[in-house]
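Structure, as structure tokens:
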Amino acid sequence: MPGGHLGHPHQLACLLVNSTLNDIKSSRTDLEIYEIPATEMANELGGAIVANIVLLGAYLERVPAVRWESVEKVLHKLLSGSKERFLPMNLEALHRGAETMRSMRTDYGDRFQSIPLLRNEAKGSAC
């Protein structure tokens with residue numbers, strides 16, 4: 001559905017762009033486009049491999065689809081044992097992505113609230 005998000009035809013959808021790798025410019029008015037230098041941020045943390053986690057943090061700050069604590073719990077579970085050394089970098093990437101999105105709120109004003117929480121989201125989320 002053009003211009004729709006989650007079945008709401010008058011609400012904006014959001015698009016996160018890794019601006020380190022892509023220089024996408026769009027005149028579409030049905031999208032909120034967030035340019036996040038995810039690969040650059042990931043490299044600052046120690047490896048481009050966590051660029052996806054930077055974007056995940058930004059997305060969850062914008063559209064809290066799951067509880068923040070749940071994502072951290074999954075990262076702890078996935079990055080245990082021999083992979084445990086990667087946990088701090090991934091957690092920091094997640095938080096930096098969220099911080100970047102929070103800093104963008106002034107760019108969108110009231111429109112920033114246009115994407116609703118998903119129906120299973122608890123109101124007390126850390127995001």
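Here's how to read the names in the structure tokens: chain A, B, ... by the order shown, residue numbers from 1 in each chain, ligand numbers from 1 in the order shown.
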Legend entry - In region 4-119 of chain A, DSSP helix (DSSP H, G or I) residues written as a count of residues only: 66
Inset, instruction - Tell me which protein, DNA and RNA residues are within 8 Å of region 45-60 of chain A, counting only C-alpha atoms, leaving out same-chain ones fewer than 5 positions away, and put them as a ChimeraX atom specification. - result: /A:16,18,36,38-40,65-66,68,89-90,92-101,127
Inset, instruction - Please provide as a list in words all residues within 12 Å of Lys25 (chain A), with the sequence filter that same-chain residues fewer than 4 positions apart are discarded (counting only C-alpha atoms). - result: Leu15, Val17, Ser19, Thr29, Leu31, Glu32, Ile33, Tyr34 and Glu35 of chain A
With N, CA and C atoms retained, export the selected residues as a tab-separated table (two decimals), in the first residue's frame.
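What follows is the written file selection-v2.tsv:
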```
chain	number	residue	atom	x	y	z
A	15	LEU	N	12.83	4.49	6.28
A	15	LEU	CA	13.88	3.81	5.55
A	15	LEU	C	15.20	4.22	6.16
A	17	VAL	N	19.19	4.19	5.78
A	17	VAL	CA	20.19	4.05	4.74
A	17	VAL	C	21.56	4.11	5.40
A	19	SER	N	24.60	5.43	5.16
A	19	SER	CA	25.13	6.53	4.35
A	19	SER	C	26.63	6.42	4.09
A	29	THR	N	7.65	11.54	-0.44
A	29	THR	CA	7.10	12.17	0.77
A	29	THR	C	6.42	11.16	1.68
A	31	LEU	N	7.97	8.56	2.90
A	31	LEU	CA	9.03	7.91	3.66
A	31	LEU	C	9.77	8.90	4.53
A	32	GLU	N	10.12	8.47	5.71
A	32	GLU	CA	11.10	9.18	6.51
A	32	GLU	C	12.41	8.47	6.22
A	33	ILE	N	13.36	9.18	5.64
A	33	ILE	CA	14.63	8.57	5.27
A	33	ILE	C	15.69	9.03	6.26
A	34	TYR	N	16.30	8.07	6.92
A	34	TYR	CA	17.34	8.35	7.91
A	34	TYR	C	18.67	7.88	7.35
A	35	GLU	N	19.59	8.81	7.20
A	35	GLU	CA	20.92	8.49	6.71
A	35	GLU	C	21.83	8.29	7.93
```
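In this structure, CA of Lys83 (chain A) sits 16.6 Å away from CA of Val71 (chain A).
The coordinates place CA of Leu91 (chain A) at 14.5 Å from CA of Arg67 (chain A).
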Legend entry - Nearest to Arg105 (chain A), chosen from A:Arg62, A:Ser80, A:Pro88, A:Leu75, with only C-alpha atoms counted in the distances: A:Arg62
